[in-house]
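Undergrad: As input, take data.txt (compact mmCIF, C-alpha atoms):
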# COMPACT_ATOMS: atom_id res chain seq x y z
CA MET A 1 43.59 74.13 72.57
CA ASN A 2 45.00 77.28 71.04
CA LYS A 3 48.56 78.50 71.69
CA THR A 4 47.70 81.11 74.30
CA ALA A 5 45.52 78.71 76.25
CA LEU A 6 48.25 76.10 76.14
CA LYS A 7 50.83 78.58 77.40
CA PHE A 8 48.48 79.64 80.17
CA SER A 9 47.80 76.08 81.13
CA ILE A 10 51.54 75.33 81.27
CA MET A 11 52.05 78.42 83.38
CA ILE A 12 49.31 77.41 85.82
CA THR A 13 50.74 73.89 86.04
CA SER A 14 54.22 75.30 86.73
CA VAL A 15 52.93 77.66 89.39
CA THR A 16 50.93 74.90 91.05
CA LEU A 17 53.89 72.56 90.95
CA ALA A 18 56.18 75.23 92.41
CA ALA A 19 53.68 75.95 95.17
CA MET A 20 53.36 72.24 95.96
CA LEU A 21 57.11 71.78 96.09
CA ALA A 22 57.53 74.86 98.26
CA GLY A 23 54.80 73.50 100.52
CA VAL A 24 56.48 70.13 100.79
CA TRP A 25 59.81 71.82 101.46
CA LEU A 26 58.44 74.12 104.14
CA ALA A 27 56.46 71.31 105.76
CA ASP A 28 59.60 69.21 105.75
CA ILE A 29 61.57 71.97 107.42
CA ASP A 30 58.80 72.48 109.90
CA ARG A 31 58.88 68.84 110.88
CA GLU A 32 62.63 68.45 110.98
CA HIS A 33 63.97 71.69 112.33
CA ASP A 34 61.23 73.98 113.45
CA SER A 35 63.56 76.91 114.02
CA ARG A 36 65.03 76.75 110.52
CA ALA A 37 61.88 78.39 109.29
CA MET A 38 63.22 81.51 111.02
CA LEU A 39 65.58 81.94 108.11
CA LEU A 40 62.93 81.55 105.42
CA PRO A 41 62.14 82.92 102.94
CA ASP A 42 65.28 84.91 102.33
CA LYS A 43 66.89 86.76 99.46
CA VAL A 44 70.37 86.69 100.98
CA MET A 45 70.69 83.03 101.87
CA THR A 46 69.01 79.91 100.58
CA LEU A 47 69.08 77.24 103.21
CA PHE A 48 68.68 73.65 102.12
CA PRO A 49 66.18 71.54 104.04
CA ASP A 50 68.29 68.44 103.64
CA PRO A 51 71.96 69.42 103.16
CA LYS A 52 73.66 67.20 100.60
CA PRO A 53 76.93 65.54 101.71
CA LEU A 54 79.73 66.42 99.32
CA THR A 55 81.79 63.62 97.80
CA ALA A 56 85.53 63.25 97.22
CA PHE A 57 87.45 65.89 95.29
CA ALA A 58 91.14 66.78 95.20
CA LEU A 59 92.48 70.32 94.88
CA THR A 60 95.68 72.06 96.01
CA ASP A 61 95.89 75.00 98.41
CA ASP A 62 98.10 78.09 98.24
CA LYS A 63 100.84 76.33 100.20
CA ASN A 64 100.83 73.42 97.76
CA ARG A 65 99.06 71.15 100.22
CA VAL A 66 96.18 68.87 99.36
CA PHE A 67 92.77 70.47 99.79
CA ASP A 68 90.11 67.79 99.68
CA LEU A 69 86.90 66.62 101.29
CA ALA A 70 88.71 66.10 104.61
CA SER A 71 89.77 69.78 104.53
CA LEU A 72 86.11 70.76 104.77
CA LYS A 73 85.34 68.58 107.77
CA GLY A 74 85.21 70.15 111.22
CA GLU A 75 84.86 73.67 109.81
CA TRP A 76 82.19 75.89 108.38
CA SER A 77 83.46 76.76 104.92
CA PHE A 78 82.55 79.74 102.77
CA LEU A 79 83.51 78.93 99.18
CA PHE A 80 83.81 81.42 96.35
CA PHE A 81 84.88 80.69 92.77
CA GLY A 82 86.86 83.33 90.87
CA PHE A 83 90.29 84.21 89.48
CA THR A 84 92.96 86.74 90.42
CA HIS A 85 92.88 88.64 87.11
CA CYS A 86 89.29 89.58 87.90
CA PRO A 87 89.25 93.33 88.62
CA ASP A 88 85.65 93.85 89.67
CA ILE A 89 83.49 91.04 91.05
CA CYS A 90 86.22 89.01 92.82
CA PRO A 91 87.86 91.80 94.86
CA THR A 92 84.40 93.20 95.65
CA THR A 93 83.19 89.82 96.94
CA LEU A 94 86.40 89.00 98.84
CA ALA A 95 86.31 92.42 100.54
CA VAL A 96 82.72 91.72 101.62
CA LEU A 97 83.69 88.27 102.91
CA ALA A 98 86.61 89.76 104.86
CA ARG A 99 84.18 92.14 106.56
CA ALA A 100 81.72 89.30 107.19
CA ARG A 101 84.52 87.33 108.83
CA ASP A 102 85.38 90.32 111.04
CA ASN A 103 81.75 90.52 112.14
CA ILE A 104 81.66 86.80 112.91
CA ALA A 105 84.97 87.05 114.78
CA LYS A 106 83.47 89.73 117.03
CA SER A 107 80.55 87.47 118.03
CA VAL A 108 80.61 85.45 121.23
CA VAL A 109 81.33 82.19 119.45
CA GLY A 110 83.97 83.85 117.25
CA ALA A 111 85.43 82.81 113.92
CA GLU A 112 87.15 79.64 115.04
CA ASN A 113 86.30 76.62 112.91
CA ILE A 114 85.38 78.87 110.00
CA GLN A 115 87.34 79.02 106.78
CA PHE A 116 86.99 81.18 103.70
CA VAL A 117 88.16 79.48 100.55
CA PHE A 118 88.78 81.24 97.24
CA ILE A 119 88.75 78.66 94.46
CA SER A 120 90.51 79.87 91.33
CA VAL A 121 89.00 78.56 88.10
CA ASP A 122 92.09 79.87 86.26
CA PRO A 123 94.93 77.50 87.29
CA ASN A 124 96.75 78.51 84.11
CA ARG A 125 97.64 81.89 85.62
CA ASP A 126 96.93 81.39 89.32
CA THR A 127 99.88 79.60 90.86
CA ALA A 128 99.96 78.72 94.55
CA SER A 129 102.20 81.67 95.43
CA LYS A 130 100.07 84.11 93.45
CA LEU A 131 96.95 82.84 95.18
CA ARG A 132 98.58 83.17 98.60
CA GLN A 133 99.55 86.77 97.85
CA TYR A 134 96.09 87.51 96.51
CA VAL A 135 93.92 86.15 99.33
CA ASP A 136 96.34 87.40 101.97
CA TYR A 137 95.55 90.96 100.94
CA PHE A 138 91.90 90.54 101.92
CA ASP A 139 92.39 88.45 105.05
CA SER A 140 95.43 86.50 106.15
CA SER A 141 93.16 83.62 107.22
CA PHE A 142 91.69 83.19 103.73
CA ILE A 143 92.76 80.13 101.77
CA GLY A 144 93.41 80.10 98.03
CA VAL A 145 92.76 76.82 96.24
CA THR A 146 92.96 75.58 92.69
CA GLY A 147 93.64 72.40 90.75
CA ASP A 148 93.16 70.76 87.44
CA ASN A 149 90.06 71.50 85.47
CA ALA A 150 88.43 68.14 86.15
CA GLN A 151 88.74 68.58 89.92
CA ILE A 152 87.58 72.20 89.95
CA GLY A 153 84.65 71.03 87.82
CA ASN A 154 84.01 68.18 90.25
CA LEU A 155 83.54 70.48 93.25
CA ALA A 156 81.81 73.20 91.22
CA GLY A 157 79.36 70.62 89.87
CA GLN A 158 78.48 69.39 93.36
CA LEU A 159 77.64 72.97 94.40
CA GLY A 160 75.87 73.92 91.20
CA ALA A 161 78.57 76.49 90.41
CA ALA A 162 79.53 77.17 86.82
CA TYR A 163 82.50 78.74 85.12
CA GLN A 164 84.05 79.12 81.71
CA VAL A 165 87.64 79.95 80.79
CA GLU A 166 88.13 80.88 77.15
CA ILE A 167 91.87 80.56 76.73
CA ALA A 168 92.97 81.64 73.26
CA PRO A 169 96.54 81.27 72.02
CA GLY A 170 98.53 84.49 72.41
CA MET A 171 95.75 86.16 74.33
CA GLU A 172 96.98 87.77 77.53
CA ASN A 173 93.59 88.64 78.93
CA TYR A 174 91.20 85.88 78.04
CA PRO A 175 87.62 86.03 79.21
CA VAL A 176 86.62 84.11 82.33
CA THR A 177 83.08 83.87 83.61
CA HIS A 178 82.13 82.35 86.94
CA THR A 179 79.27 81.96 89.40
CA THR A 180 78.95 84.93 91.75
CA ALA A 181 77.24 83.05 94.59
CA VAL A 182 79.05 82.16 97.84
CA PHE A 183 78.57 78.59 99.03
CA LEU A 184 78.35 77.51 102.64
CA VAL A 185 79.46 74.02 103.58
CA ASP A 186 78.85 72.81 107.13
CA PRO A 187 81.39 71.04 109.39
CA ARG A 188 80.05 67.68 108.21
CA ALA A 189 81.05 68.66 104.65
CA ARG A 190 77.45 69.03 103.58
CA TYR A 191 76.35 71.70 101.12
CA TYR A 192 74.38 73.69 103.66
CA ALA A 193 73.37 76.99 102.07
CA VAL A 194 74.11 79.45 99.29
CA PHE A 195 74.43 83.23 99.48
CA THR A 196 73.24 85.04 96.38
CA PRO A 197 74.47 88.47 95.27
CA PRO A 198 74.47 91.38 95.77
CA HIS A 199 76.62 90.31 98.71
CA ASP A 200 76.52 92.29 101.93
CA ALA A 201 78.84 91.64 104.87
CA GLU A 202 76.28 92.38 107.60
CA ALA A 203 73.56 90.29 105.96
CA ILE A 204 75.91 87.33 105.46
CA SER A 205 77.36 87.37 108.97
CA LYS A 206 73.92 87.75 110.58
CA ARG A 207 72.46 84.81 108.64
CA PHE A 208 75.50 82.70 109.32
CA LYS A 209 75.39 83.32 113.07
CA VAL A 210 71.73 82.25 113.21
CA ALA A 211 72.42 79.16 111.11
CA ARG A 212 75.36 78.20 113.33
CA GLU A 213 73.29 78.61 116.49
CA LEU A 214 70.54 76.46 115.02
CA GLU A 215 72.98 73.72 114.13
CA ALA A 216 74.61 73.90 117.57
CA GLY A 217 71.11 73.57 119.08
CA ASN A 218 70.33 70.56 116.90
CA ALA A 219 73.59 68.88 117.82
CA THR A 220 72.86 68.93 121.54
CA MET B 1 85.81 117.73 99.22
CA ARG B 2 87.56 118.27 95.92
CA TRP B 3 84.25 118.44 94.19
CA ARG B 4 82.09 121.50 93.99
CA HIS B 5 79.54 121.44 96.72
CA PRO B 6 75.95 120.85 95.44
CA VAL B 7 74.85 124.04 97.18
CA PHE B 8 77.32 126.02 95.12
CA VAL B 9 76.21 124.27 91.97
CA CYS B 10 72.61 125.21 92.74
CA LEU B 11 73.65 128.74 93.56
CA ILE B 12 75.50 129.09 90.28
CA SER B 13 72.57 127.61 88.38
CA ALA B 14 70.19 129.98 90.10
CA LEU B 15 72.38 132.97 89.31
CA ALA B 16 72.62 131.97 85.68
CA LEU B 17 68.83 131.67 85.65
CA VAL B 18 68.95 129.09 82.90
CA CYS B 19 70.99 125.98 82.42
CA ALA B 20 73.37 127.77 80.08
CA ALA B 21 76.05 127.71 82.74
CA SER B 22 75.99 123.95 83.14
CA GLU B 23 75.86 123.57 79.37
CA ASP B 24 79.43 124.87 79.34
CA ALA B 25 80.54 122.35 81.93
CA GLY B 26 79.66 119.56 79.47
CA VAL B 27 80.37 116.42 81.40
CA SER B 28 81.38 116.35 85.05
CA VAL B 29 82.73 113.54 87.19
CA ARG B 30 82.61 112.86 90.91
CA ASP B 31 83.54 110.00 93.27
CA ALA B 32 86.33 108.85 90.98
CA TRP B 33 88.26 106.01 92.62
CA ILE B 34 90.32 102.96 91.85
CA ARG B 35 90.15 99.82 93.93
CA GLU B 36 93.51 98.98 95.47
CA THR B 37 94.54 95.47 94.51
CA PRO B 38 96.69 92.85 96.19
CA PRO B 39 100.39 93.35 95.41
CA GLY B 40 101.54 92.11 92.03
CA MET B 41 98.11 92.15 90.41
CA THR B 42 97.94 93.65 86.94
CA MET B 43 94.21 94.27 86.66
CA MET B 44 92.48 97.12 88.42
CA ALA B 45 89.06 98.72 88.15
CA GLY B 46 88.13 102.40 88.17
CA TYR B 47 84.75 103.71 89.28
CA MET B 48 83.07 107.12 89.08
CA VAL B 49 79.82 108.96 88.66
CA LEU B 50 79.59 110.68 85.28
CA ARG B 51 77.13 113.48 84.74
CA ASN B 52 76.04 114.84 81.42
CA ASN B 53 75.18 118.48 82.10
CA THR B 54 74.12 119.20 78.55
CA SER B 55 70.77 118.84 76.84
CA ARG B 56 72.13 116.45 74.22
CA PRO B 57 73.61 112.95 74.55
CA GLN B 58 77.35 112.74 75.18
CA VAL B 59 79.34 109.67 74.16
CA LEU B 60 82.34 108.38 76.06
CA VAL B 61 84.51 106.77 73.39
CA ALA B 62 87.81 106.06 75.12
CA ALA B 63 89.92 106.47 78.24
CA SER B 64 93.67 106.57 78.71
CA SER B 65 96.18 107.19 81.46
CA ALA B 66 99.93 107.62 81.76
CA GLY B 67 99.63 105.39 84.85
CA PHE B 68 98.49 102.28 82.95
CA GLU B 69 99.44 100.44 79.82
CA THR B 70 95.82 100.07 78.73
CA VAL B 71 92.48 101.49 79.86
CA MET B 72 89.25 100.00 78.56
CA ILE B 73 85.58 100.62 79.15
CA HIS B 74 84.05 97.45 80.56
CA ARG B 75 80.83 96.25 81.99
CA THR B 76 80.30 93.31 84.32
CA ILE B 77 77.33 91.32 83.16
CA VAL B 78 75.71 88.74 85.41
CA LYS B 79 73.73 86.17 83.47
CA ASP B 80 72.21 83.04 85.01
CA GLY B 81 74.23 83.70 88.18
CA MET B 82 77.49 83.89 86.25
CA ALA B 83 79.56 87.05 86.01
CA GLY B 84 81.56 87.96 82.96
CA MET B 85 82.93 91.16 81.48
CA VAL B 86 82.23 92.74 78.16
CA HIS B 87 84.30 95.41 76.47
CA LEU B 88 82.33 98.43 75.29
CA SER B 89 83.57 100.57 72.43
CA GLN B 90 81.52 103.51 73.71
CA ILE B 91 78.83 104.52 76.20
CA GLU B 92 76.17 107.11 75.63
CA LEU B 93 75.27 109.46 78.47
CA ALA B 94 71.67 110.63 78.33
CA PRO B 95 71.07 114.42 78.54
CA ILE B 96 70.99 115.88 82.08
CA ALA B 97 71.56 112.50 83.68
CA ASN B 98 74.08 110.53 85.74
CA LEU B 99 75.77 107.34 84.69
CA ILE B 100 77.29 105.30 87.49
CA PHE B 101 80.47 103.30 87.09
CA GLY B 102 80.38 101.06 90.16
CA PRO B 103 81.33 97.59 91.44
CA GLY B 104 79.43 94.91 89.56
CA GLY B 105 78.55 97.21 86.67
CA TYR B 106 80.31 99.65 84.39
CA HIS B 107 83.98 100.14 85.19
CA LEU B 108 87.22 101.28 83.65
CA MET B 109 89.42 98.26 83.28
CA LEU B 110 92.96 99.38 84.13
CA MET B 111 95.64 97.03 82.91
CA ASN B 112 99.31 96.81 83.85
CA PRO B 113 99.89 99.78 86.17
CA LYS B 114 103.27 101.46 85.52
CA ARG B 115 104.03 101.45 89.24
CA THR B 116 102.54 99.89 92.35
CA LEU B 117 99.50 101.86 93.41
CA ARG B 118 98.55 102.06 97.05
CA ALA B 119 95.55 103.56 98.82
CA GLY B 120 95.71 107.35 98.74
CA ASP B 121 97.67 107.55 95.50
CA PRO B 122 96.23 109.90 92.88
CA VAL B 123 96.03 108.81 89.24
CA VAL B 124 94.82 110.93 86.34
CA ILE B 125 92.67 109.22 83.72
CA ASN B 126 91.67 111.09 80.58
CA LEU B 127 88.11 110.51 79.43
CA GLU B 128 87.58 111.11 75.74
CA PHE B 129 84.20 112.02 74.37
CA ARG B 130 82.88 112.11 70.84
CA GLY B 131 83.41 115.57 69.41
CA GLY B 132 86.86 115.91 70.90
CA LEU B 133 86.19 116.76 74.55
CA VAL B 134 88.92 115.27 76.75
CA LEU B 135 88.33 115.36 80.48
CA PRO B 136 91.31 114.71 82.76
CA VAL B 137 89.92 113.17 85.95
CA ALA B 138 91.80 112.72 89.22
CA PHE B 139 91.10 109.23 90.55
CA GLU B 140 92.05 108.23 94.08
CA VAL B 141 93.22 104.73 94.93
CA ARG B 142 91.14 103.35 97.81
CA ASN B 143 91.02 100.07 99.65
So that I can check it, write out the structure of this file as structure tokens.

TA:
Amino acid sequence: MNKTALKFSIMITSVTLAAMLAGVWLADIDREHDSRAMLLPDKVMTLFPDPKPLTAFALTDDKNRVFDLASLKGEWSFLFFGFTHCPDICPTTLAVLARARDNIAKSVVGAENIQFVFISVDPNRDTASKLRQYVDYFDSSFIGVTGDNAQIGNLAGQLGAAYQVEIAPGMENYPVTHTTAVFLVDPRARYYAVFTPPHDAEAISKRFKVARELEAGNAT
Amino acid sequence: MRWRHPVFVCLISALALVCAASEDAGVSVRDAWIRETPPGMTMMAGYMVLRNNTSRPQVLVAASSAGFETVMIHRTIVKDGMAGMVHLSQIELAPIANLIFGPGGYHLMLMNPKRTLRAGDPVVINLEFRGGLVLPVAFEVRN
């Protein structure tokens, strides 16, 4: 088999495999939660057919209290990884999330049992008080969270989030890169869905309201 | 409102018959704004729409402001779902074209403001182009 034919064959295999997996996934959704298909396919939100329960992690919130797995239970949580020295992506995303929260708050069910958590990947500069001041600007209900690198990595890893902090000695403004997606964890602390950028407040709040209604319907 | 209305621009262009008039304007800027930040934050971002009115490329080589310790040209790059910033030493503006500095893309990185900036505050940033053109631009802080 020549190179081109091999490449083509690999491509076909990949496409077939992807189609099969998508088929299995959709069929699974169809069987389990018929109405979930309403939210598929979607560029804004990827909904998982079988939400994965998160496991123990230990971080600290902006009031120096423990923020762990128990903190996610009983609430829908929107999680976003960033850092306060981020001038572009982080304030843009947090402003969108603040508007999304406003939209959700105006709905019949409201914004009770919903929390927005900003997880700083830069604990070196982001102290609890700085985080409080930062998130408060966007919405006083937002929670700032950080911790040691191992624990941030623990939660990030469970959500498939990535980040890199390149601290160099004597460098005031070291580069930090981080995942731009917003993660949705359900009140059972399961990784429920992910919102992919570009983020839009109306799109996020609309999807969330449908997802919440579906889950409420399933629970009864 | 500060900016020349497009109708007037068209009118002027029409009166001049050729683009010679806009050739003189060199580079123009509109929608120049700075995102207000939470109190105490030392990093801000400036956005704008740059327009090269000339028939040759123009190169933005630097920016400075009395309102900030440092101003740098940056670009947010999203790769594999991860955002990071790169510093650019210059940006070329194509002839008769716009270049947008906007959230999630090109921006002026504004470090260590000399005073606390709140929505509505004006800040002048000087844009320096290759060849010596310096354009003072009035940015407005917005939330």

Undergrad: Go through A:Pro53, A:Asp88, A:Asn113, A:Ala201 one by one, measure the shortest atom-to-atom distance of each to Gly46 in chain B using only C-alpha atoms, and give the residue with the smallest value.

TA: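 Between A:Pro53, A:Asp88, A:Asn113, A:Ala201, the residue approaching Gly46 in chain B most closely is A:Asp88.
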
Undergrad: Rounded to one decimal in Å, what is the spacing between CA of Val86 in chain B and CA of Val71 in chain B?

TA: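 One can read the CA of Val86 in chain B to CA of Val71 in chain B distance as 13.6 Å.
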
Undergrad: Quick one: contact table of chain A to chain B, 7 Å max, nearest atom pair and distance in Å to one decimal per residue, counting only C-alpha atoms, chain and number order, as JSON lines?

TA:
{"residue": "A:His85", "atom": "CA", "partner": "B:Met43", "partner_atom": "CA", "distance": 5.8}
{"residue": "A:Cys86", "atom": "CA", "partner": "B:Met43", "partner_atom": "CA", "distance": 6.9}
{"residue": "A:Pro87", "atom": "CA", "partner": "B:Met44", "partner_atom": "CA", "distance": 5.0}
{"residue": "A:Asp88", "atom": "CA", "partner": "B:Pro103", "partner_atom": "CA", "distance": 6.0}
{"residue": "A:Ile89", "atom": "CA", "partner": "B:Gly104", "partner_atom": "CA", "distance": 5.8}
{"residue": "A:Thr92", "atom": "CA", "partner": "B:Pro103", "partner_atom": "CA", "distance": 6.8}
{"residue": "A:Gln133", "atom": "CA", "partner": "B:Pro38", "partner_atom": "CA", "distance": 6.9}
{"residue": "A:Tyr134", "atom": "CA", "partner": "B:Pro38", "partner_atom": "CA", "distance": 5.4}
{"residue": "A:Tyr137", "atom": "CA", "partner": "B:Pro38", "partner_atom": "CA", "distance": 5.2}
{"residue": "A:Val176", "atom": "CA", "partner": "B:Gly84", "partner_atom": "CA", "distance": 6.4}
{"residue": "A:Thr177", "atom": "CA", "partner": "B:Gly84", "partner_atom": "CA", "distance": 4.4}
{"residue": "A:His178", "atom": "CA", "partner": "B:Met82", "partner_atom": "CA", "distance": 4.9}
{"residue": "A:Thr179", "atom": "CA", "partner": "B:Met82", "partner_atom": "CA", "distance": 4.1}
{"residue": "A:Thr180", "atom": "CA", "partner": "B:Met82", "partner_atom": "CA", "distance": 5.8}

Undergrad: Between B:Gly26, B:Pro113, B:Pro95, B:Pro122, which residue has the minimum interatomic distance to Ser55 in chain B, considering all atoms listed in the file?

TA: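 When distances to Ser55 in chain B are compared using all atoms listed in the file, the smallest one comes from B:Pro95.
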
Undergrad: Box along x, y and z, 3 Å on every side, all listed atoms of range 123-136 of chain A inside: centre and edge lengths in Å to one decimal, as AutoDock Vina command-line options.

TA:
--center_x 98.1 --center_y 82.5 --center_z 93.0 --size_x 14.3 --size_y 16.0 --size_z 23.9

Undergrad: Quick check, in Å to one decimal: how far apart do CA of Gly160 in chain A and CA of Ala181 in chain A lie?

TA: 9.8 Å

Undergrad: Suppose you want the space between CA of Ile114 in chain A and CA of Ser141 in chain A; what is it in Å?

TA: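 Between CA of Ile114 in chain A and CA of Ser141 in chain A the gap is 9.5 Å.
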
Undergrad: For a quick check of understanding, using all atoms listed in the file, which of A:Ala58, A:Leu131, A:Val182, A:Leu47 has the smallest distance to Phe116 in chain A?

TA: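 Of A:Ala58, A:Leu131, A:Val182, A:Leu47, the one nearest Phe116 in chain A is A:Val182, counting all atoms listed in the file.
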
Undergrad: Which residue, A:Glu213, A:Asp50, A:Glu166, A:Asp42, has the smallest gap to Tyr192 in chain A when you use all atoms listed in the file?

TA: A:Asp50

Undergrad: Between A:Asp62, A:Asp126, A:Asp68, A:Glu112, which is the closest to Ala189 in chain A once you count all atoms listed in the file?

TA: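 Closest to Ala189 in chain A, using all atoms listed in the file: A:Asp68.
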
Undergrad: From the set A:Ala203, A:Ile152, A:Val66, A:Leu72, which residue has the shortest atom-to-atom contact distance to Val121 in chain A, counting all atoms listed in the file?

TA: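 Distance minimum relative to Val121 in chain A lands on A:Ile152.
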
Undergrad: Env of Arg99 in chain A: 12 Å cut, atoms = only C-alpha atoms, seq-sep filter 3 positions within chain, self excluded. Answer as an NGL selection string.

TA: :A and (92-96 or 102-106 or 111 or 116 or 138-139 or 199-206)

Undergrad: Within 12 Å of Asn64 in chain A, counting all atoms listed in the file, which residues show up once you throw out same-chain ones fewer than 5 positions away? Write them as JSON, numbers by chain, please.

TA: {"A": [59, 127, 128, 129, 130, 131, 132, 143, 144, 145, 146, 147]}

Undergrad: Just the residues within 7 Å of Val117 in chain A, please, counting only C-alpha atoms, with nothing from its chain fewer than 2 positions along; format it as a list in words.

TA: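 Here the qualifying residues turn out to be Ser77, Phe78, Leu79, Phe80, Gln115, Ile119, Phe142, Ile143, Gly144 and Val145 of chain A.
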
Undergrad: Taking (79.1, 69.4, 94.5) in the file's coordinates, which residues come within 12 Å, counting all atoms listed in the file, written as an mmCIF file with C-alpha atoms, in the coordinates of the input?

TA:
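What landed in selection_26.cif:
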data_model
loop_
_atom_site.group_PDB
_atom_site.id
_atom_site.type_symbol
_atom_site.label_atom_id
_atom_site.label_comp_id
_atom_site.auth_asym_id
_atom_site.auth_seq_id
_atom_site.Cartn_x
_atom_site.Cartn_y
_atom_site.Cartn_z
ATOM 1 C CA PRO A 51 71.960 69.420 103.160
ATOM 2 C CA LYS A 52 73.660 67.200 100.600
ATOM 3 C CA PRO A 53 76.930 65.540 101.710
ATOM 4 C CA LEU A 54 79.730 66.420 99.320
ATOM 5 C CA THR A 55 81.790 63.620 97.800
ATOM 6 C CA ALA A 56 85.530 63.250 97.220
ATOM 7 C CA PHE A 57 87.450 65.890 95.290
ATOM 8 C CA LEU A 69 86.900 66.620 101.290
ATOM 9 C CA LEU A 79 83.510 78.930 99.180
ATOM 10 C CA GLN A 151 88.740 68.580 89.920
ATOM 11 C CA ILE A 152 87.580 72.200 89.950
ATOM 12 C CA GLY A 153 84.650 71.030 87.820
ATOM 13 C CA ASN A 154 84.010 68.180 90.250
ATOM 14 C CA LEU A 155 83.540 70.480 93.250
ATOM 15 C CA ALA A 156 81.810 73.200 91.220
ATOM 16 C CA GLY A 157 79.360 70.620 89.870
ATOM 17 C CA GLN A 158 78.480 69.390 93.360
ATOM 18 C CA LEU A 159 77.640 72.970 94.400
ATOM 19 C CA GLY A 160 75.870 73.920 91.200
ATOM 20 C CA ALA A 161 78.570 76.490 90.410
ATOM 21 C CA ALA A 162 79.530 77.170 86.820
ATOM 22 C CA PHE A 183 78.570 78.590 99.030
ATOM 23 C CA LEU A 184 78.350 77.510 102.640
ATOM 24 C CA VAL A 185 79.460 74.020 103.580
ATOM 25 C CA ALA A 189 81.050 68.660 104.650
ATOM 26 C CA ARG A 190 77.450 69.030 103.580
ATOM 27 C CA TYR A 191 76.350 71.700 101.120
ATOM 28 C CA TYR A 192 74.380 73.690 103.660
#
